[in-house]
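Data first, discussion second: the structure below is written as C-alpha cells.
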There are 2 protein chains.
Amino acid sequence: MTTLKELAALLNISVSTVSKALNDSHEISEKTRVRVKELATKLNYKPNRIAQQLKSSKTKVIGVIVPSLMNPFIAEVVHAIEMTLDKNNYDMSLCISNENLKKEQRSVELLSNGSVDGFIVAVARETQIKNKIEHFENVNKSTPVVMFDRVINEIECDKVVVDDFQSVYETSRYLIDKEKREHILLISNIEELSVGKYRIDGYTKAVKESNLKVSVLKLGGIVNPDVKIYDYLKLNPKIDAIISIDHITGIMALNMLKKLGKEIPTEISVIGFGYSDAQFVSNPKISVINQKAREIGEITTKIMLEKIKGFKDRDLKTIVIPSEIILRESTK
Amino acid sequence: MTTLKELAALLNISVSTVSKALNDSHEISEKTRVRVKELATKLNYKPNRIAQQLKSSKTKVIGVIVPSLMNPFIAEVVHAIEMTLDKNNYDMSLCISNENLKKEQRSVELLSNGSVDGFIVAVARETQIKNKIEHFENVNKSTPVVMFDRVINEIECDKVVVDDFQSVYETSRYLIDKEKREHILLISNIEELSVGKYRIDGYTKAVKESNLKVSVLKLGGIVNPDVKIYDYLKLNPKIDAIISIDHITGIMALNMLKKLGKEIPTEISVIGFGYSDAQFVSNPKISVINQKAREIGEITTKIMLEKIKGFKDRDLKTIVIPSEIILRESTK
DNA sequence: CTGTTAGCGCTTTCAA
DNA sequence: TTGAAAGCGCTAACAG
C-alpha cells in the first residue's frame, strides 16, 4: 500500500505538504496540489484508515450486537441499519450473540477498546431471562449505546421500541369488537422475552375487559410447535380467532387450521406478526401486526449518529414506533 | 480510556515495562508484573485496538459483502461466518450491497484501505448481470478474497459454491425415475443469477434426456408472482411436479396448488430450495434441496483464515458443497 | 530486569 | 507556500 511518505519521497517534498495537498488545504499552491494528486491517483494511494482513526480517535464504525440473523425481523433491522450507516459514511461491525449471554458480554468487551464509536444493541434472550446487565452498564459510561426492540429498562440509554402492548391490545379489540370473536387464543414462542410479555399483557387486558377467557399457548423452546398447535386446536374447537405474537407460529396455525378443515376467515381469524415474506409464504395471505423493521433500523441509527456528533446535554429518549395492523386474507 | 502512559506514570515506571508486564514478557520481574496488572484491572485498562492494528498492520477484521440480509440463505451464511470468525477472535465488518453494483464497488473501495485483512463476498445481482468485475480485480491483488454462492468465474480467488447444476439435475431425475412424473415445471425468481442458470441447466438436462418437455416459469422481478403461478398452473393442469430453485416460489406454488384443489403429493409433487424455516411455514411440509448454509459459512471463513495465516499457500481452490435433498411431505 | 528510542501512517501546529 | 516536529497508543529492538 502506498503511503504519504512514499509519495513525498517520489516528489521530493515533505510528508506534511503531501497530506495537506491531498486534503485540499488552501495553504498549498495549485501547482503542487495537482502534482501530488496526479501521482496519488496514479499509484492508487488511499489514506490508511487505521492511522487516521488513531490520530482522530474516532473510528466511524458502529458496533451492532444482535441475537440472531435467522430472525427475519432482526435481519431486516440490521439491513436498514447498514443502509443508513452507509449513507453517513459509517461502517458496521456486526456481532451476533446467538441469544447467548456469554457471547454478548464478550462482544461488548471486545469492541469497547476503541474499536467503535458506539453500540446498537438488541439484547440476547438469555440476557433478558437472567437479567444480567453489568456489561452494558460499564460500556454505557464511556460509549453511546442505543437499544432497539429488546431493551433493558434498567440501562439508561436511548431506546427504540415497538408499541408491543398497544398493538396487541388493539388487535384483540378489533377481533372482539369488529369481528365479534369470543374465543381468542394467543400463541407465542417468545413468552420469556420482555416484548413477549408486553404483547401478552396487551391481549390479556383486552380479553379481560370484555369478560372473555384468557387462553395463551406457550411454545418457546418446544420441539414440534406445529403438532402442539394442531393438538390444541383440535381439543379446543371453539377457538374462533388466533393472535400470534411472533413471526412464525401464526403461519403454522394457519396451516394447522387448514389441516383441520377450518374455514378461514369465516370460522376463524388469524393475525400474526409481520415480516417481509410473510404474505408470500402463507395462504390465505396472513393478516399481521407489522413492525416496520426498516423504520426502526433507520431511526435507531439516526439517534446513534446524532449522539456521536455530540449534542452533549441531549437527554435520553425512548421512541415508540407504532406498528400497523395489515388486514389481508386471514381476517374477515 | 486508560492508556499505558497513564499506568506508567502512576507506577513511576516506563511505558515499555508496563507493556511487557501486561503481555507476560519473561523479562519482567514477578513483582512488577503483579503490580502492573493489579493497577490495570483496577483502572479497567484495555489496550487500544486501533493502536495495535497500526503497529502490527493487521486488523483482525474481515470485510463481508453480501447482497441482502432479507434472503434467508444469505442471512444464515452470514450468521455462520460471524460465529466462525468469533471463534478465531476476528471481527466482521458487514457491508450490504443491496443487489446494487455501485454500492458494492463503494464498499470494496472503502474497506480496502487497511480496514480489513480480507474479503468474503457474495456478489450483487446487478454485478452479475452487467458482469462488472474491476473492483474485485483490483482488490484481489493486494488482499485475500473468498467468494461464496454467487461467484465470478473470471476472478481468480478461492470460492465456495453449491452444486447447483448437479443437485437440480438429481432432483429432476428423482421426480422422473422414482415418481414417474412426466410434466415437470421449473419455477424461479433468480434466473438472471449464475446460480439460477446452473440450476435451470441441471433441470433441462434431466428433462431432455428423458424426452420430456422443458417448462420454465420465470418470475424474477415480477409484482405478483403468486397469481402468475396460479394462472400458469390453472392453464396447465397436466403439470405433475414442480421444482422451485429459490427459497420462496416453492412455498407459493404449494399454496396455489391447494387453492386449485390439487392433492399433494398424490397428484403433484413440489420440491423447493431450503432454508431453516421452510418446513415450519409450509403445509404439507415442503421437500427441499437444502443448501447447508451453515457449512458454507464455516468453510468459507476457514479458508479465509488459512489464507491470511499462510501467505505462501498460493493455489486457489473452488470447493463445492454438495446439497442434500430432504424429502418431506410434498413429495411421494 | 528496566528504560530509551524508534516507528507504524497520519494530521496539525508552529516555524521558516 | 512549504517543512519540521510532535503525537495518537502501542510494540520491540537495543542499551543500560
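By convention here, the chains of the C-alpha cells are called A, B, ... in the order presented, each chain's residues are numbered starting at 1, and ligands are numbered starting at 1 in the order presented.
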
After a least-squares superposition on chain B over all sequentially paired C-alpha atoms, what is chain A as a JSON list (two decimals) with C-alpha atoms, in the first residue's frame?
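This is the output file result05.json:
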```json
[["chain", "number", "residue", "atom", "x", "y", "z"],
["A", 1, "MET", "CA", -9.86, 5.37, 28.38],
["A", 2, "THR", "CA", -6.82, 4.40, 30.34],
["A", 3, "THR", "CA", -3.56, 4.23, 28.40],
["A", 4, "LEU", "CA", -0.20, 2.64, 28.98],
["A", 5, "LYS", "CA", 1.23, 6.07, 29.55],
["A", 6, "GLU", "CA", -1.13, 6.75, 32.40],
["A", 7, "LEU", "CA", -0.37, 3.45, 34.04],
["A", 8, "ALA", "CA", 3.33, 4.11, 33.66],
["A", 9, "ALA", "CA", 3.04, 7.53, 35.22],
["A", 10, "LEU", "CA", 1.08, 6.25, 38.18],
["A", 11, "LEU", "CA", 3.57, 3.47, 38.79],
["A", 12, "ASN", "CA", 6.63, 5.57, 38.11],
["A", 13, "ILE", "CA", 7.96, 3.15, 35.56],
["A", 14, "SER", "CA", 8.36, 3.33, 31.81],
["A", 15, "VAL", "CA", 5.72, 2.70, 29.22],
["A", 16, "SER", "CA", 7.63, -0.14, 27.70],
["A", 17, "THR", "CA", 7.91, -1.92, 31.02],
["A", 18, "VAL", "CA", 4.20, -1.66, 31.48],
["A", 19, "SER", "CA", 3.57, -2.99, 28.00],
["A", 20, "LYS", "CA", 5.85, -5.94, 28.56],
["A", 21, "ALA", "CA", 4.42, -6.69, 31.96],
["A", 22, "LEU", "CA", 0.91, -6.81, 30.56],
["A", 23, "ASN", "CA", 2.03, -9.07, 27.77],
["A", 24, "ASP", "CA", 3.68, -11.47, 30.21],
["A", 25, "SER", "CA", 7.14, -10.90, 28.90],
["A", 26, "HIS", "CA", 9.64, -13.06, 30.75],
["A", 27, "GLU", "CA", 12.05, -10.19, 30.95],
["A", 28, "ILE", "CA", 9.90, -8.54, 33.60],
["A", 29, "SER", "CA", 10.11, -9.38, 37.28],
["A", 30, "GLU", "CA", 7.30, -11.16, 38.98],
["A", 31, "LYS", "CA", 6.88, -8.24, 41.33],
["A", 32, "THR", "CA", 6.37, -5.46, 38.80],
["A", 33, "ARG", "CA", 4.26, -7.68, 36.63],
["A", 34, "VAL", "CA", 1.84, -8.15, 39.49],
["A", 35, "ARG", "CA", 1.93, -4.50, 40.40],
["A", 36, "VAL", "CA", 1.19, -3.48, 36.85],
["A", 37, "LYS", "CA", -1.58, -5.97, 36.32],
["A", 38, "GLU", "CA", -3.27, -5.01, 39.53],
["A", 39, "LEU", "CA", -3.42, -1.38, 38.61],
["A", 40, "ALA", "CA", -4.51, -2.27, 35.09],
["A", 41, "THR", "CA", -7.50, -4.27, 36.21],
["A", 42, "LYS", "CA", -8.30, -1.68, 38.83],
["A", 43, "LEU", "CA", -8.45, 1.03, 36.21],
["A", 44, "ASN", "CA", -10.09, -1.31, 33.72],
["A", 45, "TYR", "CA", -7.29, -0.85, 31.23],
["A", 46, "LYS", "CA", -7.81, -2.22, 27.75],
["A", 47, "PRO", "CA", -5.19, -1.92, 25.05],
["A", 48, "ASN", "CA", -6.34, 0.41, 22.35],
["A", 49, "ARG", "CA", -7.21, -1.80, 19.47],
["A", 50, "ILE", "CA", -6.58, 0.83, 16.83],
["A", 51, "ALA", "CA", -3.07, 1.46, 18.02],
["A", 52, "GLN", "CA", -2.34, -2.24, 17.99],
["A", 53, "GLN", "CA", -3.68, -2.49, 14.50],
["A", 54, "LEU", "CA", -1.55, 0.36, 13.28],
["A", 55, "LYS", "CA", 1.52, -1.15, 14.84],
["A", 56, "SER", "CA", 0.98, -4.65, 13.53],
["A", 57, "SER", "CA", -0.69, -3.68, 10.28],
["A", 58, "LYS", "CA", -3.19, -6.40, 10.93],
["A", 59, "THR", "CA", -6.75, -5.59, 11.84],
["A", 60, "LYS", "CA", -8.20, -8.98, 12.69],
["A", 61, "VAL", "CA", -11.28, -7.84, 10.87],
["A", 62, "ILE", "CA", -12.83, -9.48, 7.83],
["A", 63, "GLY", "CA", -15.00, -7.48, 5.48],
["A", 64, "VAL", "CA", -18.13, -9.35, 4.50],
["A", 65, "ILE", "CA", -20.06, -8.02, 1.52],
["A", 66, "VAL", "CA", -23.40, -9.61, 0.73],
["A", 67, "PRO", "CA", -26.35, -8.61, -1.42],
["A", 68, "SER", "CA", -29.05, -8.67, 1.24],
["A", 69, "LEU", "CA", -29.97, -9.92, 4.66],
["A", 70, "MET", "CA", -33.55, -10.44, 3.67],
["A", 71, "ASN", "CA", -32.57, -13.55, 1.80],
["A", 72, "PRO", "CA", -32.72, -16.23, 4.50],
["A", 73, "PHE", "CA", -30.00, -18.30, 2.94],
["A", 74, "ILE", "CA", -27.57, -15.43, 2.94],
["A", 75, "ALA", "CA", -28.59, -14.37, 6.42],
["A", 76, "GLU", "CA", -27.82, -17.84, 7.65],
["A", 77, "VAL", "CA", -24.44, -17.92, 5.95],
["A", 78, "VAL", "CA", -23.55, -14.55, 7.44],
["A", 79, "HIS", "CA", -24.66, -15.84, 10.81],
["A", 80, "ALA", "CA", -22.32, -18.81, 10.44],
["A", 81, "ILE", "CA", -19.47, -16.61, 9.26],
["A", 82, "GLU", "CA", -19.79, -14.46, 12.34],
["A", 83, "MET", "CA", -19.78, -17.47, 14.63],
["A", 84, "THR", "CA", -16.67, -18.86, 13.01],
["A", 85, "LEU", "CA", -14.84, -15.57, 12.94],
["A", 86, "ASP", "CA", -15.67, -15.02, 16.56],
["A", 87, "LYS", "CA", -14.24, -18.40, 17.54],
["A", 88, "ASN", "CA", -11.00, -17.28, 15.96],
["A", 89, "ASN", "CA", -11.04, -13.84, 17.54],
["A", 90, "TYR", "CA", -11.80, -12.00, 14.39],
["A", 91, "ASP", "CA", -14.39, -9.30, 13.95],
["A", 92, "MET", "CA", -16.70, -8.83, 11.03],
["A", 93, "SER", "CA", -17.30, -5.65, 9.15],
["A", 94, "LEU", "CA", -20.56, -6.11, 7.30],
["A", 95, "CYS", "CA", -21.53, -4.32, 4.13],
["A", 96, "ILE", "CA", -24.77, -4.93, 2.28],
["A", 97, "SER", "CA", -24.71, -4.18, -1.40],
["A", 98, "ASN", "CA", -28.48, -4.36, -1.63],
["A", 99, "GLU", "CA", -28.03, -6.12, -4.99],
["A", 100, "ASN", "CA", -26.57, -2.89, -6.24],
["A", 101, "LEU", "CA", -23.35, -2.61, -8.22],
["A", 102, "LYS", "CA", -22.48, 0.93, -7.18],
["A", 103, "LYS", "CA", -22.85, 0.22, -3.53],
["A", 104, "GLU", "CA", -20.81, -2.93, -3.82],
["A", 105, "GLN", "CA", -18.04, -1.04, -5.57],
["A", 106, "ARG", "CA", -18.08, 1.61, -2.89],
["A", 107, "SER", "CA", -17.95, -0.96, -0.11],
["A", 108, "VAL", "CA", -14.97, -2.71, -1.59],
["A", 109, "GLU", "CA", -13.31, 0.61, -2.18],
["A", 110, "LEU", "CA", -13.97, 1.87, 1.33],
["A", 111, "LEU", "CA", -12.71, -1.19, 3.11],
["A", 112, "SER", "CA", -9.61, -1.70, 1.04],
["A", 113, "ASN", "CA", -7.61, 0.97, 2.79],
["A", 114, "GLY", "CA", -6.32, -1.13, 5.61],
["A", 115, "SER", "CA", -9.64, -1.57, 7.35],
["A", 116, "VAL", "CA", -9.80, -5.31, 6.88],
["A", 117, "ASP", "CA", -7.48, -8.25, 6.44],
["A", 118, "GLY", "CA", -9.66, -9.93, 3.86],
["A", 119, "PHE", "CA", -12.95, -10.01, 2.01],
["A", 120, "ILE", "CA", -15.72, -12.56, 1.98],
["A", 121, "VAL", "CA", -18.14, -11.81, -0.81],
["A", 122, "ALA", "CA", -21.36, -12.92, -2.43],
["A", 123, "VAL", "CA", -21.81, -10.63, -5.39],
["A", 124, "ALA", "CA", -24.77, -8.44, -6.12],
["A", 125, "ARG", "CA", -27.39, -9.28, -8.69],
["A", 126, "GLU", "CA", -26.61, -6.20, -10.74],
["A", 127, "THR", "CA", -22.92, -7.00, -10.71],
["A", 128, "GLN", "CA", -23.65, -10.43, -12.13],
["A", 129, "ILE", "CA", -25.98, -9.14, -14.77],
["A", 130, "LYS", "CA", -23.65, -6.41, -15.98],
["A", 131, "ASN", "CA", -20.57, -8.52, -15.33],
["A", 132, "LYS", "CA", -18.63, -5.58, -13.94],
["A", 133, "ILE", "CA", -15.71, -7.01, -12.04],
["A", 134, "GLU", "CA", -12.96, -4.43, -11.93],
["A", 135, "HIS", "CA", -13.48, -3.58, -8.30],
["A", 136, "PHE", "CA", -12.75, -7.15, -7.34],
["A", 137, "GLU", "CA", -9.84, -7.45, -9.71],
["A", 138, "ASN", "CA", -8.14, -4.54, -8.04],
["A", 139, "VAL", "CA", -8.64, -5.58, -4.47],
["A", 140, "ASN", "CA", -7.82, -9.18, -5.22],
["A", 141, "LYS", "CA", -4.24, -8.17, -5.96],
["A", 142, "SER", "CA", -3.53, -6.94, -2.47],
["A", 143, "THR", "CA", -6.03, -8.61, -0.15],
["A", 144, "PRO", "CA", -7.29, -12.16, 0.12],
["A", 145, "VAL", "CA", -10.78, -12.62, -1.30],
["A", 146, "VAL", "CA", -13.08, -15.60, -0.87],
["A", 147, "MET", "CA", -16.39, -15.72, -2.69],
["A", 148, "PHE", "CA", -19.35, -17.89, -1.83],
["A", 149, "ASP", "CA", -22.51, -18.90, -3.65],
["A", 150, "ARG", "CA", -22.65, -16.00, -6.06],
["A", 151, "VAL", "CA", -19.17, -16.04, -7.47],
["A", 152, "ILE", "CA", -17.45, -14.53, -10.49],
["A", 153, "ASN", "CA", -15.61, -17.05, -12.59],
["A", 154, "GLU", "CA", -13.19, -14.53, -14.02],
["A", 155, "ILE", "CA", -11.87, -13.53, -10.62],
["A", 156, "GLU", "CA", -9.05, -15.76, -9.46],
["A", 157, "CYS", "CA", -9.81, -16.33, -5.83],
["A", 158, "ASP", "CA", -11.01, -19.11, -3.57],
["A", 159, "LYS", "CA", -14.64, -19.99, -3.97],
["A", 160, "VAL", "CA", -17.21, -21.95, -2.06],
["A", 161, "VAL", "CA", -20.25, -22.90, -4.05],
["A", 162, "VAL", "CA", -23.19, -25.20, -4.03],
["A", 163, "ASP", "CA", -23.58, -27.99, -6.57],
["A", 164, "ASP", "CA", -26.26, -26.02, -8.34],
["A", 165, "PHE", "CA", -26.31, -27.97, -11.54],
["A", 166, "GLN", "CA", -25.94, -31.39, -10.00],
["A", 167, "SER", "CA", -28.48, -31.00, -7.22],
["A", 168, "VAL", "CA", -31.25, -29.86, -9.52],
["A", 169, "TYR", "CA", -30.29, -32.47, -12.07],
["A", 170, "GLU", "CA", -30.60, -35.20, -9.46],
["A", 171, "THR", "CA", -33.82, -33.79, -8.13],
["A", 172, "SER", "CA", -35.26, -33.84, -11.63],
["A", 173, "ARG", "CA", -34.05, -37.38, -12.14],
["A", 174, "TYR", "CA", -35.68, -38.39, -8.89],
["A", 175, "LEU", "CA", -39.00, -36.99, -10.02],
["A", 176, "ILE", "CA", -38.73, -38.65, -13.40],
["A", 177, "ASP", "CA", -37.31, -42.01, -12.38],
["A", 178, "LYS", "CA", -38.76, -42.65, -8.96],
["A", 179, "GLU", "CA", -42.00, -40.73, -9.06],
["A", 180, "LYS", "CA", -42.61, -41.25, -12.77],
["A", 181, "ARG", "CA", -43.49, -37.63, -13.27],
["A", 182, "GLU", "CA", -43.79, -36.51, -16.87],
["A", 183, "HIS", "CA", -44.68, -32.85, -16.79],
["A", 184, "ILE", "CA", -42.21, -31.10, -14.58],
["A", 185, "LEU", "CA", -42.31, -27.36, -14.23],
["A", 186, "LEU", "CA", -39.36, -25.32, -13.02],
["A", 187, "ILE", "CA", -40.15, -22.01, -11.38],
["A", 188, "SER", "CA", -37.65, -19.36, -10.47],
["A", 189, "ASN", "CA", -37.23, -15.79, -9.41],
["A", 190, "ILE", "CA", -33.46, -15.81, -9.81],
["A", 191, "GLU", "CA", -33.00, -16.76, -13.43],
["A", 192, "GLU", "CA", -30.53, -13.95, -14.11],
["A", 193, "LEU", "CA", -28.11, -15.12, -11.47],
["A", 194, "SER", "CA", -25.32, -17.50, -12.30],
["A", 195, "VAL", "CA", -26.61, -19.95, -9.72],
["A", 196, "GLY", "CA", -30.04, -19.71, -11.27],
["A", 197, "LYS", "CA", -28.70, -20.56, -14.69],
["A", 198, "TYR", "CA", -26.80, -23.58, -13.43],
["A", 199, "ARG", "CA", -29.89, -24.84, -11.70],
["A", 200, "ILE", "CA", -32.02, -24.40, -14.76],
["A", 201, "ASP", "CA", -29.36, -26.19, -16.79],
["A", 202, "GLY", "CA", -29.45, -29.15, -14.42],
["A", 203, "TYR", "CA", -33.18, -29.41, -14.81],
["A", 204, "THR", "CA", -33.03, -29.00, -18.56],
["A", 205, "LYS", "CA", -30.48, -31.74, -18.98],
["A", 206, "ALA", "CA", -32.49, -34.27, -16.98],
["A", 207, "VAL", "CA", -35.75, -33.45, -18.68],
["A", 208, "LYS", "CA", -34.28, -33.51, -22.18],
["A", 209, "GLU", "CA", -32.49, -36.76, -21.75],
["A", 210, "SER", "CA", -35.83, -38.32, -20.88],
["A", 211, "ASN", "CA", -37.51, -36.68, -23.83],
["A", 212, "LEU", "CA", -39.82, -34.64, -21.65],
["A", 213, "LYS", "CA", -40.85, -31.08, -22.21],
["A", 214, "VAL", "CA", -38.84, -28.22, -20.75],
["A", 215, "SER", "CA", -41.15, -25.81, -18.92],
["A", 216, "VAL", "CA", -39.62, -22.89, -17.10],
["A", 217, "LEU", "CA", -41.64, -20.17, -15.44],
["A", 218, "LYS", "CA", -39.50, -17.10, -14.81],
["A", 219, "LEU", "CA", -40.70, -14.79, -12.10],
["A", 220, "GLY", "CA", -37.70, -12.60, -11.38],
["A", 221, "GLY", "CA", -38.70, -9.05, -10.57],
["A", 222, "ILE", "CA", -42.38, -9.67, -11.16],
["A", 223, "VAL", "CA", -44.99, -7.98, -8.99],
["A", 224, "ASN", "CA", -47.44, -10.73, -8.11],
["A", 225, "PRO", "CA", -45.55, -13.95, -8.57],
["A", 226, "ASP", "CA", -48.23, -15.91, -6.77],
["A", 227, "VAL", "CA", -51.00, -15.03, -9.22],
["A", 228, "LYS", "CA", -48.62, -15.71, -12.07],
["A", 229, "ILE", "CA", -48.03, -19.15, -10.66],
["A", 230, "TYR", "CA", -51.72, -19.67, -10.09],
["A", 231, "ASP", "CA", -52.62, -18.71, -13.63],
["A", 232, "TYR", "CA", -49.91, -20.87, -15.12],
["A", 233, "LEU", "CA", -50.97, -23.91, -13.15],
["A", 234, "LYS", "CA", -54.57, -23.38, -14.03],
["A", 235, "LEU", "CA", -53.75, -23.19, -17.71],
["A", 236, "ASN", "CA", -51.47, -26.19, -17.52],
["A", 237, "PRO", "CA", -53.30, -28.80, -15.48],
["A", 238, "LYS", "CA", -51.06, -31.59, -16.71],
["A", 239, "ILE", "CA", -48.12, -30.38, -14.62],
["A", 240, "ASP", "CA", -47.44, -33.16, -12.14],
["A", 241, "ALA", "CA", -44.30, -31.87, -10.46],
["A", 242, "ILE", "CA", -42.74, -28.53, -9.64],
["A", 243, "ILE", "CA", -39.18, -27.65, -8.83],
["A", 244, "SER", "CA", -38.53, -24.24, -7.38],
["A", 245, "ILE", "CA", -34.95, -23.06, -7.45],
["A", 246, "ASP", "CA", -35.30, -20.30, -4.88],
["A", 247, "HIS", "CA", -36.51, -20.03, -1.31],
["A", 248, "ILE", "CA", -39.95, -18.75, -1.81],
["A", 249, "THR", "CA", -41.69, -19.68, -5.03],
["A", 250, "GLY", "CA", -41.88, -23.32, -3.97],
["A", 251, "ILE", "CA", -43.98, -22.47, -0.95],
["A", 252, "MET", "CA", -46.07, -20.16, -3.09],
["A", 253, "ALA", "CA", -46.67, -22.95, -5.54],
["A", 254, "LEU", "CA", -47.73, -25.22, -2.72],
["A", 255, "ASN", "CA", -50.28, -22.69, -1.62],
["A", 256, "MET", "CA", -51.56, -22.07, -5.11],
["A", 257, "LEU", "CA", -51.96, -25.78, -5.73],
["A", 258, "LYS", "CA", -54.07, -26.14, -2.63],
["A", 259, "LYS", "CA", -56.15, -23.25, -3.83],
["A", 260, "LEU", "CA", -56.66, -25.11, -7.09],
["A", 261, "GLY", "CA", -57.74, -28.17, -5.16],
["A", 262, "LYS", "CA", -54.79, -30.30, -6.17],
["A", 263, "GLU", "CA", -53.80, -33.23, -4.00],
["A", 264, "ILE", "CA", -50.20, -33.05, -2.83],
["A", 265, "PRO", "CA", -48.25, -35.24, -3.29],
["A", 266, "THR", "CA", -50.51, -37.71, -5.02],
["A", 267, "GLU", "CA", -51.42, -35.61, -8.00],
["A", 268, "ILE", "CA", -48.41, -33.36, -7.97],
["A", 269, "SER", "CA", -45.09, -33.06, -6.16],
["A", 270, "VAL", "CA", -43.28, -29.91, -5.12],
["A", 271, "ILE", "CA", -39.61, -29.53, -4.30],
["A", 272, "GLY", "CA", -38.16, -26.18, -3.34],
["A", 273, "PHE", "CA", -34.90, -24.76, -2.12],
["A", 274, "GLY", "CA", -34.44, -24.98, 1.61],
["A", 275, "TYR", "CA", -33.94, -22.58, 4.44],
["A", 276, "SER", "CA", -34.33, -23.12, 8.12],
["A", 277, "ASP", "CA", -37.96, -22.06, 8.49],
["A", 278, "ALA", "CA", -39.28, -23.53, 5.26],
["A", 279, "GLN", "CA", -40.71, -26.64, 6.84],
["A", 280, "PHE", "CA", -42.47, -24.73, 9.59],
["A", 281, "VAL", "CA", -44.06, -22.30, 7.26],
["A", 282, "SER", "CA", -45.41, -24.75, 4.70],
["A", 283, "ASN", "CA", -48.13, -27.33, 4.79],
["A", 284, "PRO", "CA", -47.69, -30.02, 3.71],
["A", 285, "LYS", "CA", -44.09, -29.62, 4.81],
["A", 286, "ILE", "CA", -42.15, -28.82, 1.71],
["A", 287, "SER", "CA", -39.49, -31.15, 0.36],
["A", 288, "VAL", "CA", -36.35, -29.24, -0.44],
["A", 289, "ILE", "CA", -32.90, -29.11, -1.84],
["A", 290, "ASN", "CA", -31.07, -27.98, 1.25],
["A", 291, "GLN", "CA", -28.09, -25.73, 0.80],
["A", 292, "LYS", "CA", -26.29, -26.19, 4.11],
["A", 293, "ALA", "CA", -25.85, -22.53, 4.75],
["A", 294, "ARG", "CA", -24.05, -23.06, 8.02],
["A", 295, "GLU", "CA", -21.47, -25.31, 6.48],
["A", 296, "ILE", "CA", -20.90, -22.87, 3.66],
["A", 297, "GLY", "CA", -20.33, -20.05, 6.11],
["A", 298, "GLU", "CA", -17.96, -22.09, 8.22],
["A", 299, "ILE", "CA", -15.86, -23.38, 5.35],
["A", 300, "THR", "CA", -15.70, -20.01, 3.64],
["A", 301, "THR", "CA", -14.43, -18.47, 6.84],
["A", 302, "LYS", "CA", -11.90, -21.19, 7.49],
["A", 303, "ILE", "CA", -10.46, -20.79, 4.02],
["A", 304, "MET", "CA", -10.22, -17.05, 4.61],
["A", 305, "LEU", "CA", -8.38, -17.50, 7.88],
["A", 306, "GLU", "CA", -5.95, -20.03, 6.44],
["A", 307, "LYS", "CA", -5.28, -17.65, 3.62],
["A", 308, "ILE", "CA", -4.46, -14.88, 6.03],
["A", 309, "LYS", "CA", -2.22, -16.97, 8.18],
["A", 310, "GLY", "CA", -0.17, -17.15, 5.05],
["A", 311, "PHE", "CA", 0.22, -20.39, 3.26],
["A", 312, "LYS", "CA", 1.89, -18.30, 0.60],
["A", 313, "ASP", "CA", 1.94, -20.70, -2.28],
["A", 314, "ARG", "CA", -1.42, -22.19, -1.49],
["A", 315, "ASP", "CA", -3.16, -22.51, -4.78],
["A", 316, "LEU", "CA", -6.73, -21.42, -5.26],
["A", 317, "LYS", "CA", -9.53, -23.83, -4.85],
["A", 318, "THR", "CA", -13.20, -23.94, -5.58],
["A", 319, "ILE", "CA", -14.98, -26.03, -3.01],
["A", 320, "VAL", "CA", -18.32, -27.48, -3.92],
["A", 321, "ILE", "CA", -20.60, -28.17, -1.00],
["A", 322, "PRO", "CA", -23.00, -30.89, -1.99],
["A", 323, "SER", "CA", -26.53, -30.02, -1.04],
["A", 324, "GLU", "CA", -28.86, -32.66, 0.24],
["A", 325, "ILE", "CA", -32.34, -33.48, -0.92],
["A", 326, "ILE", "CA", -34.70, -33.58, 2.02],
["A", 327, "LEU", "CA", -37.90, -35.39, 1.21],
["A", 328, "ARG", "CA", -40.72, -34.26, 3.45],
["A", 329, "GLU", "CA", -44.42, -34.21, 2.74],
["A", 330, "SER", "CA", -44.74, -32.52, -0.62],
["A", 331, "THR", "CA", -43.29, -35.47, -2.49],
["A", 332, "LYS", "CA", -44.41, -39.08, -2.75]]
```

Next on the checklist: Would you mind listing, as a list in words, all residues of chain C that have at least one atom within 9 Å of chain B, where only C-alpha atoms (C1' of nucleotides) are what counts?
Outcome noted: DC1, DT2, DG3, DG7, DC8 and DG9 of chain C

Next on the checklist: Taking only C-alpha atoms (C1' of nucleotides) into account, find every residue of chain D that has an atom no more than 8 Å from chain B, and write it out as a list in words.
Outcome noted: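 Using only C-alpha atoms (C1' of nucleotides), chain D residues at most 8 Å from chain B: DG9, DC10 and DT11 of chain D.
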
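Taking only region 212-330 of chain B, the residues that DSSP calls strand (DSSP E or B) from the backbone come to Ser215, Val216, Leu217, Lys218, Ala241, Ile242, Ile243, Ser244, Ser269, Val270, Ile271, Gly272, Phe273, Ser287, Val288, Ile289, Asn290, Thr318, Ile319, Val320, Ile321, Glu324, Ile325 and Ile326 of chain B.
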
Please produce a file of the residues just selected, as a JSON list (two decimals), in the first residue's frame, where the atoms kept are C-alpha atoms.
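Below is the file that was written, selection.json:
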```
[["chain", "number", "residue", "atom", "x", "y", "z"],
["B", 215, "SER", "CA", -41.20, -25.84, -18.90],
["B", 216, "VAL", "CA", -39.66, -22.91, -17.10],
["B", 217, "LEU", "CA", -41.68, -20.19, -15.44],
["B", 218, "LYS", "CA", -39.53, -17.12, -14.82],
["B", 241, "ALA", "CA", -44.31, -31.88, -10.42],
["B", 242, "ILE", "CA", -42.76, -28.53, -9.61],
["B", 243, "ILE", "CA", -39.19, -27.65, -8.82],
["B", 244, "SER", "CA", -38.53, -24.25, -7.37],
["B", 269, "SER", "CA", -45.11, -33.07, -6.13],
["B", 270, "VAL", "CA", -43.28, -29.92, -5.10],
["B", 271, "ILE", "CA", -39.61, -29.52, -4.29],
["B", 272, "GLY", "CA", -38.16, -26.18, -3.33],
["B", 273, "PHE", "CA", -34.89, -24.77, -2.11],
["B", 287, "SER", "CA", -39.46, -31.15, 0.38],
["B", 288, "VAL", "CA", -36.34, -29.23, -0.43],
["B", 289, "ILE", "CA", -32.89, -29.11, -1.83],
["B", 290, "ASN", "CA", -31.06, -27.97, 1.25],
["B", 318, "THR", "CA", -13.15, -23.95, -5.56],
["B", 319, "ILE", "CA", -14.97, -26.03, -3.02],
["B", 320, "VAL", "CA", -18.31, -27.48, -3.93],
["B", 321, "ILE", "CA", -20.58, -28.17, -1.01],
["B", 324, "GLU", "CA", -28.84, -32.65, 0.25],
["B", 325, "ILE", "CA", -32.32, -33.47, -0.91],
["B", 326, "ILE", "CA", -34.68, -33.58, 2.04]]
```
